[in-house]
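Peer 1: Take this structure first; my questions come after.
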Amino acid sequence: MARYVQKSSYETTHLDNEYIILNTIDYTVTKLNDVGGVCWSLLEKDQTAESITKILRQEYQKSDVNEKDIEEFLSHLMECGLVKYAV
Amino acid sequence: PPLVLNHRPIRFET
């Protein structure tokens, strides 16, 4: 299973249940929802879609956290150039 | 579900 990690240490601001990531390398701004921000924080260390799903299930006490949603989110972060495959 | 709400480049005025 693919492991992901933040590409670099970016400036992140938490504002009104949204996370704003300032990428000063590629000059982009990315806005995430609250759960997206939690996932982003977890990605400071290597994570898989499965490991993030497990943590979210504990954090939100919900068993219906869908691993597929997490995979899509990670793919989207890859497209935005914010995460990379961990080696 | 976690979502990317917005992603855009920063424009600088020279």
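Residues in the structure tokens are numbered from 1 in each chain, the chains being A, B, ... in the order shown, and ligands are numbered from 1 in the order shown.
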Could you give me, as a list in words, the residues within 10 Å of Asn6 (chain B), counting only C-alpha atoms and dropping anything in the same chain fewer than 4 positions from it?
Peer 2: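 The residues that qualify are Ile20, Val29, Thr30, Lys31, Leu32, Asn33 and Cys80 of chain A.
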Peer 1: Hey, what does DSSP flag as strand (DSSP E or B) within chain A? Can you give it to me as a PyMOL selection string?
Peer 2: chain A and resi 4-6+11-15+18-23+28-33+47+83-85
Peer 1: For Lys54 (chain A), list every protein, DNA or RNA residue within 12 Å, evaluated using only C-alpha atoms, and leave out those in the same chain fewer than 2 positions away; present the list as a ChimeraX atom specification.
Peer 2: /A:39,42,47-52,56-67,70
Peer 1: Distance cut-off 6 Å, counting only C-alpha atoms - which residues of chain B neighbour chain A? Return them as number ranges by chain.
Peer 2: B: 2-10
Peer 1: Running DSSP on the backbone, which parts of chain A land in alpha helix (DSSP H), as a ChimeraX atom specification?
Peer 2: /A:34-42,49-60,67-79
Peer 1: So what do you get for CA of Asp46 (chain A) versus CA of Lys84 (chain A), distance-wise?
Peer 2: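 Taking CA of Asp46 (chain A) and CA of Lys84 (chain A), their separation equals 9.8 Å.
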Peer 1: Can you tell me how far CA of Leu15 (chain A) sits from CA of Glu44 (chain A), in Å to one decimal?
Peer 2: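 Pair CA of Leu15 (chain A) / CA of Glu44 (chain A) returns 19.4 Å.
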Peer 1: Interatomic distance between CA of Arg3 (chain A) and CA of Ile25 (chain A)?
Peer 2: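 Calculated distance between CA of Arg3 (chain A) and CA of Ile25 (chain A) is 22.6 Å.
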